[in-house]
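> One file: query.cif (mmCIF, N, CA and C atoms).
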data_structure
loop_
_atom_site.label_atom_id
_atom_site.label_comp_id
_atom_site.auth_asym_id
_atom_site.auth_seq_id
_atom_site.Cartn_x
_atom_site.Cartn_y
_atom_site.Cartn_z
N MET K 1485 -3.75 69.02 -46.12
CA MET K 1485 -3.78 68.72 -47.53
C MET K 1485 -2.67 69.45 -48.28
N ASN K 1486 -2.47 70.73 -47.92
CA ASN K 1486 -1.45 71.52 -48.59
C ASN K 1486 -0.05 70.98 -48.33
N LEU K 1487 0.17 70.41 -47.14
CA LEU K 1487 1.46 69.83 -46.80
C LEU K 1487 1.77 68.63 -47.70
N LYS K 1488 0.75 67.83 -48.00
CA LYS K 1488 0.93 66.68 -48.88
C LYS K 1488 1.31 67.12 -50.29
N ILE K 1489 0.70 68.19 -50.77
CA ILE K 1489 1.00 68.69 -52.11
C ILE K 1489 2.43 69.23 -52.16
N ASP K 1490 2.83 69.97 -51.12
CA ASP K 1490 4.20 70.48 -51.06
C ASP K 1490 5.21 69.34 -51.01
N ARG K 1491 4.93 68.30 -50.24
CA ARG K 1491 5.82 67.15 -50.14
C ARG K 1491 5.91 66.43 -51.49
N PHE K 1492 4.78 66.29 -52.16
CA PHE K 1492 4.77 65.65 -53.47
C PHE K 1492 5.60 66.45 -54.46
N ARG K 1493 5.47 67.77 -54.43
CA ARG K 1493 6.26 68.61 -55.33
C ARG K 1493 7.75 68.48 -55.03
N GLN K 1494 8.10 68.43 -53.76
CA GLN K 1494 9.50 68.29 -53.37
C GLN K 1494 10.06 66.95 -53.85
N LEU K 1495 9.32 65.89 -53.66
CA LEU K 1495 9.78 64.57 -54.10
C LEU K 1495 9.85 64.49 -55.62
N THR K 1496 8.91 65.12 -56.30
CA THR K 1496 8.94 65.13 -57.76
C THR K 1496 10.16 65.90 -58.26
N ALA K 1497 10.44 67.03 -57.64
CA ALA K 1497 11.63 67.82 -58.03
C ALA K 1497 12.91 67.03 -57.76
N THR K 1498 12.95 66.31 -56.66
CA THR K 1498 14.13 65.50 -56.35
C THR K 1498 14.28 64.38 -57.38
N TRP K 1499 13.19 63.74 -57.72
CA TRP K 1499 13.25 62.68 -58.72
C TRP K 1499 13.71 63.22 -60.07
N LEU K 1500 13.22 64.38 -60.46
CA LEU K 1500 13.64 64.99 -61.71
C LEU K 1500 15.13 65.36 -61.67
N ALA K 1501 15.60 65.81 -60.52
CA ALA K 1501 17.03 66.11 -60.36
C ALA K 1501 17.86 64.84 -60.51
N LEU K 1502 17.38 63.72 -59.96
CA LEU K 1502 18.09 62.45 -60.10
C LEU K 1502 18.14 62.01 -61.56
N VAL K 1503 17.05 62.18 -62.27
CA VAL K 1503 17.03 61.83 -63.69
C VAL K 1503 18.00 62.72 -64.46
N ALA K 1504 17.98 64.02 -64.16
CA ALA K 1504 18.88 64.96 -64.84
C ALA K 1504 20.35 64.62 -64.55
N LEU K 1505 20.68 64.30 -63.31
CA LEU K 1505 22.05 63.94 -62.97
C LEU K 1505 22.47 62.65 -63.68
N THR K 1506 21.55 61.71 -63.82
CA THR K 1506 21.85 60.48 -64.55
C THR K 1506 22.16 60.79 -66.01
N LEU K 1507 21.35 61.63 -66.61
CA LEU K 1507 21.57 61.99 -68.01
C LEU K 1507 22.86 62.78 -68.19
N VAL K 1508 23.17 63.64 -67.25
CA VAL K 1508 24.44 64.39 -67.31
C VAL K 1508 25.62 63.42 -67.23
N GLY K 1509 25.53 62.45 -66.31
CA GLY K 1509 26.60 61.46 -66.20
C GLY K 1509 26.78 60.65 -67.48
N LEU K 1510 25.67 60.25 -68.08
CA LEU K 1510 25.75 59.51 -69.34
C LEU K 1510 26.34 60.38 -70.45
N GLY K 1511 25.92 61.63 -70.52
CA GLY K 1511 26.45 62.53 -71.54
C GLY K 1511 27.93 62.80 -71.36
N LEU K 1512 28.36 62.99 -70.12
CA LEU K 1512 29.78 63.20 -69.86
C LEU K 1512 30.60 61.99 -70.28
N GLY K 1513 30.08 60.80 -69.98
CA GLY K 1513 30.78 59.58 -70.37
C GLY K 1513 30.89 59.43 -71.87
N GLU K 1514 29.88 59.89 -72.57
CA GLU K 1514 29.89 59.78 -74.03
C GLU K 1514 30.79 60.84 -74.67
N TRP K 1515 30.72 62.06 -74.19
CA TRP K 1515 31.44 63.17 -74.81
C TRP K 1515 32.91 63.24 -74.41
N PHE K 1516 33.19 62.92 -73.15
CA PHE K 1516 34.55 63.06 -72.63
C PHE K 1516 35.09 61.71 -72.19
N ARG K 1517 34.98 60.73 -73.04
CA ARG K 1517 35.33 59.35 -72.73
C ARG K 1517 36.77 59.21 -72.23
N ASP K 1518 37.69 59.96 -72.79
CA ASP K 1518 39.11 59.82 -72.43
C ASP K 1518 39.57 60.87 -71.43
N GLY K 1519 38.66 61.63 -70.88
CA GLY K 1519 39.05 62.66 -69.91
C GLY K 1519 39.59 62.05 -68.63
N ARG K 1520 40.76 62.50 -68.24
CA ARG K 1520 41.39 61.97 -67.02
C ARG K 1520 40.62 62.39 -65.77
N TRP K 1521 39.91 63.48 -65.84
CA TRP K 1521 39.15 64.02 -64.72
C TRP K 1521 37.74 63.43 -64.63
N LEU K 1522 37.33 62.68 -65.64
CA LEU K 1522 35.96 62.17 -65.69
C LEU K 1522 35.58 61.31 -64.48
N PRO K 1523 36.44 60.39 -64.00
CA PRO K 1523 36.03 59.61 -62.82
C PRO K 1523 35.75 60.47 -61.59
N LEU K 1524 36.46 61.57 -61.44
CA LEU K 1524 36.20 62.46 -60.30
C LEU K 1524 34.82 63.10 -60.42
N LEU K 1525 34.49 63.54 -61.62
CA LEU K 1525 33.20 64.17 -61.83
C LEU K 1525 32.05 63.17 -61.68
N VAL K 1526 32.23 61.98 -62.22
CA VAL K 1526 31.20 60.94 -62.10
C VAL K 1526 31.05 60.52 -60.63
N ALA K 1527 32.15 60.44 -59.90
CA ALA K 1527 32.07 60.11 -58.47
C ALA K 1527 31.31 61.19 -57.71
N ALA K 1528 31.52 62.44 -58.07
CA ALA K 1528 30.78 63.53 -57.42
C ALA K 1528 29.29 63.43 -57.74
N ILE K 1529 28.95 63.08 -58.96
CA ILE K 1529 27.54 62.92 -59.34
C ILE K 1529 26.92 61.76 -58.57
N ILE K 1530 27.64 60.65 -58.44
CA ILE K 1530 27.14 59.50 -57.69
C ILE K 1530 26.92 59.87 -56.23
N TRP K 1531 27.87 60.60 -55.65
CA TRP K 1531 27.73 61.03 -54.25
C TRP K 1531 26.52 61.94 -54.09
N LEU K 1532 26.35 62.89 -55.00
CA LEU K 1532 25.23 63.83 -54.93
C LEU K 1532 23.90 63.09 -55.06
N LYS K 1533 23.82 62.13 -55.96
CA LYS K 1533 22.59 61.36 -56.11
C LYS K 1533 22.29 60.57 -54.84
N GLY K 1534 23.31 59.97 -54.25
CA GLY K 1534 23.10 59.24 -53.00
C GLY K 1534 22.64 60.16 -51.88
N ALA K 1535 23.23 61.35 -51.80
CA ALA K 1535 22.83 62.31 -50.77
C ALA K 1535 21.39 62.77 -50.97
N LEU K 1536 20.98 62.98 -52.21
CA LEU K 1536 19.60 63.37 -52.49
C LEU K 1536 18.62 62.26 -52.08
N VAL K 1537 18.94 61.03 -52.43
CA VAL K 1537 18.07 59.91 -52.06
C VAL K 1537 17.99 59.79 -50.54
N ALA K 1538 19.12 59.90 -49.87
CA ALA K 1538 19.13 59.76 -48.41
C ALA K 1538 18.31 60.86 -47.73
N ARG K 1539 18.45 62.08 -48.22
CA ARG K 1539 17.75 63.18 -47.57
C ARG K 1539 16.25 63.19 -47.88
N HIS K 1540 15.89 63.03 -49.13
CA HIS K 1540 14.50 63.25 -49.51
C HIS K 1540 13.64 61.98 -49.50
N PHE K 1541 14.23 60.82 -49.71
CA PHE K 1541 13.43 59.60 -49.74
C PHE K 1541 13.61 58.76 -48.48
N ILE K 1542 14.83 58.70 -47.95
CA ILE K 1542 15.07 57.95 -46.71
C ILE K 1542 14.91 58.85 -45.49
N GLU K 1543 14.95 60.17 -45.71
CA GLU K 1543 14.80 61.19 -44.67
C GLU K 1543 15.86 61.05 -43.59
N SER K 1544 17.11 61.01 -44.03
CA SER K 1544 18.22 60.85 -43.09
C SER K 1544 18.39 62.06 -42.18
N HIS K 1545 17.91 63.21 -42.58
CA HIS K 1545 18.08 64.41 -41.77
C HIS K 1545 17.25 64.38 -40.49
N ILE K 1546 16.27 63.48 -40.40
CA ILE K 1546 15.50 63.36 -39.16
C ILE K 1546 15.83 62.07 -38.41
N ALA K 1547 16.78 61.31 -38.91
CA ALA K 1547 17.19 60.07 -38.25
C ALA K 1547 18.12 60.38 -37.08
N HIS K 1548 18.35 59.39 -36.25
CA HIS K 1548 19.32 59.51 -35.16
C HIS K 1548 20.68 59.86 -35.77
N PRO K 1549 21.48 60.71 -35.12
CA PRO K 1549 22.77 61.11 -35.68
C PRO K 1549 23.69 59.94 -36.05
N PHE K 1550 23.67 58.87 -35.27
CA PHE K 1550 24.49 57.71 -35.60
C PHE K 1550 24.06 57.09 -36.93
N ILE K 1551 22.76 56.95 -37.10
CA ILE K 1551 22.23 56.38 -38.35
C ILE K 1551 22.55 57.31 -39.52
N ALA K 1552 22.41 58.60 -39.33
CA ALA K 1552 22.69 59.57 -40.40
C ALA K 1552 24.16 59.50 -40.81
N ARG K 1553 25.07 59.42 -39.84
CA ARG K 1553 26.51 59.32 -40.16
C ARG K 1553 26.83 57.99 -40.83
N LEU K 1554 26.22 56.93 -40.38
CA LEU K 1554 26.42 55.62 -40.99
C LEU K 1554 25.94 55.63 -42.45
N LEU K 1555 24.82 56.26 -42.70
CA LEU K 1555 24.30 56.37 -44.05
C LEU K 1555 25.21 57.23 -44.92
N GLN K 1556 25.75 58.31 -44.37
CA GLN K 1556 26.70 59.14 -45.13
C GLN K 1556 27.94 58.34 -45.50
N GLY K 1557 28.43 57.53 -44.60
CA GLY K 1557 29.58 56.68 -44.90
C GLY K 1557 29.26 55.66 -45.98
N PHE K 1558 28.08 55.08 -45.89
CA PHE K 1558 27.65 54.11 -46.90
C PHE K 1558 27.55 54.76 -48.28
N ILE K 1559 27.04 55.98 -48.33
CA ILE K 1559 26.91 56.70 -49.59
C ILE K 1559 28.29 57.01 -50.17
N ALA K 1560 29.28 57.23 -49.34
CA ALA K 1560 30.63 57.59 -49.80
C ALA K 1560 31.40 56.38 -50.35
N ILE K 1561 30.97 55.17 -50.08
CA ILE K 1561 31.72 53.97 -50.50
C ILE K 1561 31.80 53.86 -52.02
N ALA K 1562 30.69 54.01 -52.72
CA ALA K 1562 30.70 53.84 -54.19
C ALA K 1562 31.58 54.88 -54.89
N PRO K 1563 31.45 56.17 -54.58
CA PRO K 1563 32.35 57.12 -55.23
C PRO K 1563 33.82 56.89 -54.89
N ALA K 1564 34.10 56.52 -53.65
CA ALA K 1564 35.49 56.24 -53.27
C ALA K 1564 36.03 55.04 -54.04
N ALA K 1565 35.22 54.00 -54.18
CA ALA K 1565 35.65 52.82 -54.94
C ALA K 1565 35.87 53.17 -56.40
N LEU K 1566 35.03 54.02 -56.96
CA LEU K 1566 35.20 54.44 -58.35
C LEU K 1566 36.51 55.19 -58.53
N ILE K 1567 36.81 56.10 -57.64
CA ILE K 1567 38.06 56.88 -57.73
C ILE K 1567 39.27 55.97 -57.55
N LEU K 1568 39.21 55.08 -56.58
CA LEU K 1568 40.34 54.17 -56.34
C LEU K 1568 40.60 53.27 -57.54
N THR K 1569 39.55 52.71 -58.11
CA THR K 1569 39.77 51.83 -59.26
C THR K 1569 40.16 52.61 -60.51
N ALA K 1570 39.70 53.85 -60.63
CA ALA K 1570 40.05 54.64 -61.82
C ALA K 1570 41.52 55.03 -61.81
N PHE K 1571 42.03 55.39 -60.65
CA PHE K 1571 43.40 55.89 -60.59
C PHE K 1571 44.42 54.85 -60.12
N PHE K 1572 43.96 53.84 -59.39
CA PHE K 1572 44.87 52.83 -58.86
C PHE K 1572 44.40 51.42 -59.19
N GLY K 1573 43.72 51.25 -60.32
CA GLY K 1573 43.13 49.96 -60.68
C GLY K 1573 44.14 48.85 -60.82
N ASP K 1574 45.27 49.13 -61.47
CA ASP K 1574 46.28 48.09 -61.65
C ASP K 1574 46.87 47.64 -60.32
N THR K 1575 47.14 48.59 -59.46
CA THR K 1575 47.69 48.26 -58.14
C THR K 1575 46.69 47.45 -57.32
N LEU K 1576 45.44 47.87 -57.33
CA LEU K 1576 44.41 47.13 -56.59
C LEU K 1576 44.22 45.74 -57.16
N ALA K 1577 44.29 45.59 -58.46
CA ALA K 1577 44.16 44.27 -59.08
C ALA K 1577 45.31 43.36 -58.68
N ARG K 1578 46.51 43.93 -58.62
CA ARG K 1578 47.68 43.15 -58.21
C ARG K 1578 47.55 42.70 -56.76
N TRP K 1579 47.04 43.58 -55.90
CA TRP K 1579 46.85 43.23 -54.49
C TRP K 1579 45.78 42.16 -54.31
N ALA K 1580 44.79 42.15 -55.21
CA ALA K 1580 43.66 41.23 -55.06
C ALA K 1580 43.90 39.86 -55.69
N THR K 1581 44.98 39.70 -56.45
CA THR K 1581 45.23 38.40 -57.06
C THR K 1581 45.75 37.41 -56.03
N LEU K 1582 45.49 36.17 -56.26
CA LEU K 1582 45.95 35.13 -55.32
C LEU K 1582 47.33 34.68 -55.64
#
Output the file's structure in the form of structure tokens.

Amino acid sequence: MNLKIDRFRQLTATWLALVALTLVGLGLGEWFRDGRWLPLLVAAIIWLKGALVARHFIESHIAHPFIARLLQGFIAIAPAALILTAFFGDTLARWATL
């Protein structure tokens, strides 16, 4: 019974951390709208949120190492895409046009 309560507390704390990171990201976007460094910080927040979800809700730390590495790569795609489009958006758009 005590293990279930501890697990519930851990998941609740993780969920609250995800909510807090979301609010921090929204606040940063509102306060530092023109900051050149903002996409890097938002990408780090997105990566951290993905890592928290993978570890505490998907339990990637107990998965097979191949699955865990695949999940880490999947989590890295969104922040990488954000950084690429933030700093090289015009170039990527030119490459993607027909």
> Applying the PyMOL selection byres (((chain K and resi 1496-1500 and name CA) around 12) and name CA) to the file I just gave you, which residues come out? Please list them as a PDB file with N, CA and C atoms, keeping the file's coordinate frame.

ATOM      1  N   ILE K1489       0.700  68.190 -50.770  1.00  0.00           N
ATOM      2  CA  ILE K1489       1.000  68.690 -52.110  1.00  0.00           C
ATOM      3  C   ILE K1489       2.430  69.230 -52.160  1.00  0.00           C
ATOM      4  N   ASP K1490       2.830  69.970 -51.120  1.00  0.00           N
ATOM      5  CA  ASP K1490       4.200  70.480 -51.060  1.00  0.00           C
ATOM      6  C   ASP K1490       5.210  69.340 -51.010  1.00  0.00           C
ATOM      7  N   ARG K1491       4.930  68.300 -50.240  1.00  0.00           N
ATOM      8  CA  ARG K1491       5.820  67.150 -50.140  1.00  0.00           C
ATOM      9  C   ARG K1491       5.910  66.430 -51.490  1.00  0.00           C
ATOM     10  N   PHE K1492       4.780  66.290 -52.160  1.00  0.00           N
ATOM     11  CA  PHE K1492       4.770  65.650 -53.470  1.00  0.00           C
ATOM     12  C   PHE K1492       5.600  66.450 -54.460  1.00  0.00           C
ATOM     13  N   ARG K1493       5.470  67.770 -54.430  1.00  0.00           N
ATOM     14  CA  ARG K1493       6.260  68.610 -55.330  1.00  0.00           C
ATOM     15  C   ARG K1493       7.750  68.480 -55.030  1.00  0.00           C
ATOM     16  N   GLN K1494       8.100  68.430 -53.760  1.00  0.00           N
ATOM     17  CA  GLN K1494       9.500  68.290 -53.370  1.00  0.00           C
ATOM     18  C   GLN K1494      10.060  66.950 -53.850  1.00  0.00           C
ATOM     19  N   LEU K1495       9.320  65.890 -53.660  1.00  0.00           N
ATOM     20  CA  LEU K1495       9.780  64.570 -54.100  1.00  0.00           C
ATOM     21  C   LEU K1495       9.850  64.490 -55.620  1.00  0.00           C
ATOM     22  N   ALA K1501      15.600  65.810 -60.520  1.00  0.00           N
ATOM     23  CA  ALA K1501      17.030  66.110 -60.360  1.00  0.00           C
ATOM     24  C   ALA K1501      17.860  64.840 -60.510  1.00  0.00           C
ATOM     25  N   LEU K1502      17.380  63.720 -59.960  1.00  0.00           N
ATOM     26  CA  LEU K1502      18.090  62.450 -60.100  1.00  0.00           C
ATOM     27  C   LEU K1502      18.140  62.010 -61.560  1.00  0.00           C
ATOM     28  N   VAL K1503      17.050  62.180 -62.270  1.00  0.00           N
ATOM     29  CA  VAL K1503      17.030  61.830 -63.690  1.00  0.00           C
ATOM     30  C   VAL K1503      18.000  62.720 -64.460  1.00  0.00           C
ATOM     31  N   ALA K1504      17.980  64.020 -64.160  1.00  0.00           N
ATOM     32  CA  ALA K1504      18.880  64.960 -64.840  1.00  0.00           C
ATOM     33  C   ALA K1504      20.350  64.620 -64.550  1.00  0.00           C
ATOM     34  N   LEU K1505      20.680  64.300 -63.310  1.00  0.00           N
ATOM     35  CA  LEU K1505      22.050  63.940 -62.970  1.00  0.00           C
ATOM     36  C   LEU K1505      22.470  62.650 -63.680  1.00  0.00           C
ATOM     37  N   THR K1506      21.550  61.710 -63.820  1.00  0.00           N
ATOM     38  CA  THR K1506      21.850  60.480 -64.550  1.00  0.00           C
ATOM     39  C   THR K1506      22.160  60.790 -66.010  1.00  0.00           C
ATOM     40  N   LEU K1507      21.350  61.630 -66.610  1.00  0.00           N
ATOM     41  CA  LEU K1507      21.570  61.990 -68.010  1.00  0.00           C
ATOM     42  C   LEU K1507      22.860  62.780 -68.190  1.00  0.00           C
ATOM     43  N   LEU K1532      26.350  62.890 -55.000  1.00  0.00           N
ATOM     44  CA  LEU K1532      25.230  63.830 -54.930  1.00  0.00           C
ATOM     45  C   LEU K1532      23.900  63.090 -55.060  1.00  0.00           C
ATOM     46  N   LYS K1533      23.820  62.130 -55.960  1.00  0.00           N
ATOM     47  CA  LYS K1533      22.590  61.360 -56.110  1.00  0.00           C
ATOM     48  C   LYS K1533      22.290  60.570 -54.840  1.00  0.00           C
ATOM     49  N   GLY K1534      23.310  59.970 -54.250  1.00  0.00           N
ATOM     50  CA  GLY K1534      23.100  59.240 -53.000  1.00  0.00           C
ATOM     51  C   GLY K1534      22.640  60.160 -51.880  1.00  0.00           C
ATOM     52  N   ALA K1535      23.230  61.350 -51.800  1.00  0.00           N
ATOM     53  CA  ALA K1535      22.830  62.310 -50.770  1.00  0.00           C
ATOM     54  C   ALA K1535      21.390  62.770 -50.970  1.00  0.00           C
ATOM     55  N   LEU K1536      20.980  62.980 -52.210  1.00  0.00           N
ATOM     56  CA  LEU K1536      19.600  63.370 -52.490  1.00  0.00           C
ATOM     57  C   LEU K1536      18.620  62.260 -52.080  1.00  0.00           C
ATOM     58  N   VAL K1537      18.940  61.030 -52.430  1.00  0.00           N
ATOM     59  CA  VAL K1537      18.070  59.910 -52.060  1.00  0.00           C
ATOM     60  C   VAL K1537      17.990  59.790 -50.540  1.00  0.00           C
ATOM     61  N   ALA K1538      19.120  59.900 -49.870  1.00  0.00           N
ATOM     62  CA  ALA K1538      19.130  59.760 -48.410  1.00  0.00           C
ATOM     63  C   ALA K1538      18.310  60.860 -47.730  1.00  0.00           C
ATOM     64  N   ARG K1539      18.450  62.080 -48.220  1.00  0.00           N
ATOM     65  CA  ARG K1539      17.750  63.180 -47.570  1.00  0.00           C
ATOM     66  C   ARG K1539      16.250  63.190 -47.880  1.00  0.00           C
ATOM     67  N   HIS K1540      15.890  63.030 -49.130  1.00  0.00           N
ATOM     68  CA  HIS K1540      14.500  63.250 -49.510  1.00  0.00           C
ATOM     69  C   HIS K1540      13.640  61.980 -49.500  1.00  0.00           C
ATOM     70  N   PHE K1541      14.230  60.820 -49.710  1.00  0.00           N
ATOM     71  CA  PHE K1541      13.430  59.600 -49.740  1.00  0.00           C
ATOM     72  C   PHE K1541      13.610  58.760 -48.480  1.00  0.00           C
TER      73      PHE K1541
END
> Distance atom N of K:Ile1567-atom CA of K:Leu1525, one decimal place?
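Here the two named atoms are 9.8 Å from each other.
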> Using the chain letters and numbering of this document, enumerate as number ranges by chain the residues selected by the PyMOL selection byres ((chain K and resi 1554-1562) around 7).
K: 1527, 1530-1531, 1534-1535, 1549-1553, 1563-1567
> Considering all atoms listed in the file, state which residue in the set K:Phe1572, K:Ala1577, K:Val1508, K:Ile1542 is at the smallest distance from K:Val1526.
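Closest residue, counting all atoms listed in the file: K:Val1508.
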> For a test of reading the model, state the distance in Å between atom CA of K:Trp1521 and atom CA of K:Gly1573, rounded to one decimal.
15.2 Å
> Just the number, please: distance in Å from atom CA of K:Ser1544 to atom CA of K:Thr1569, one decimal.
28.4 Å
> Please write out, as AutoDock Vina command-line options, where the centre of an axis-aligned box around all listed atoms of stretch 1522-1536 of chain K lies and how long its edges are, in Å to one decimal, after adding 6 Å on each side.

--center_x 28.0 --center_y 61.7 --center_z -58.2 --size_x 30.7 --size_y 16.9 --size_z 26.9
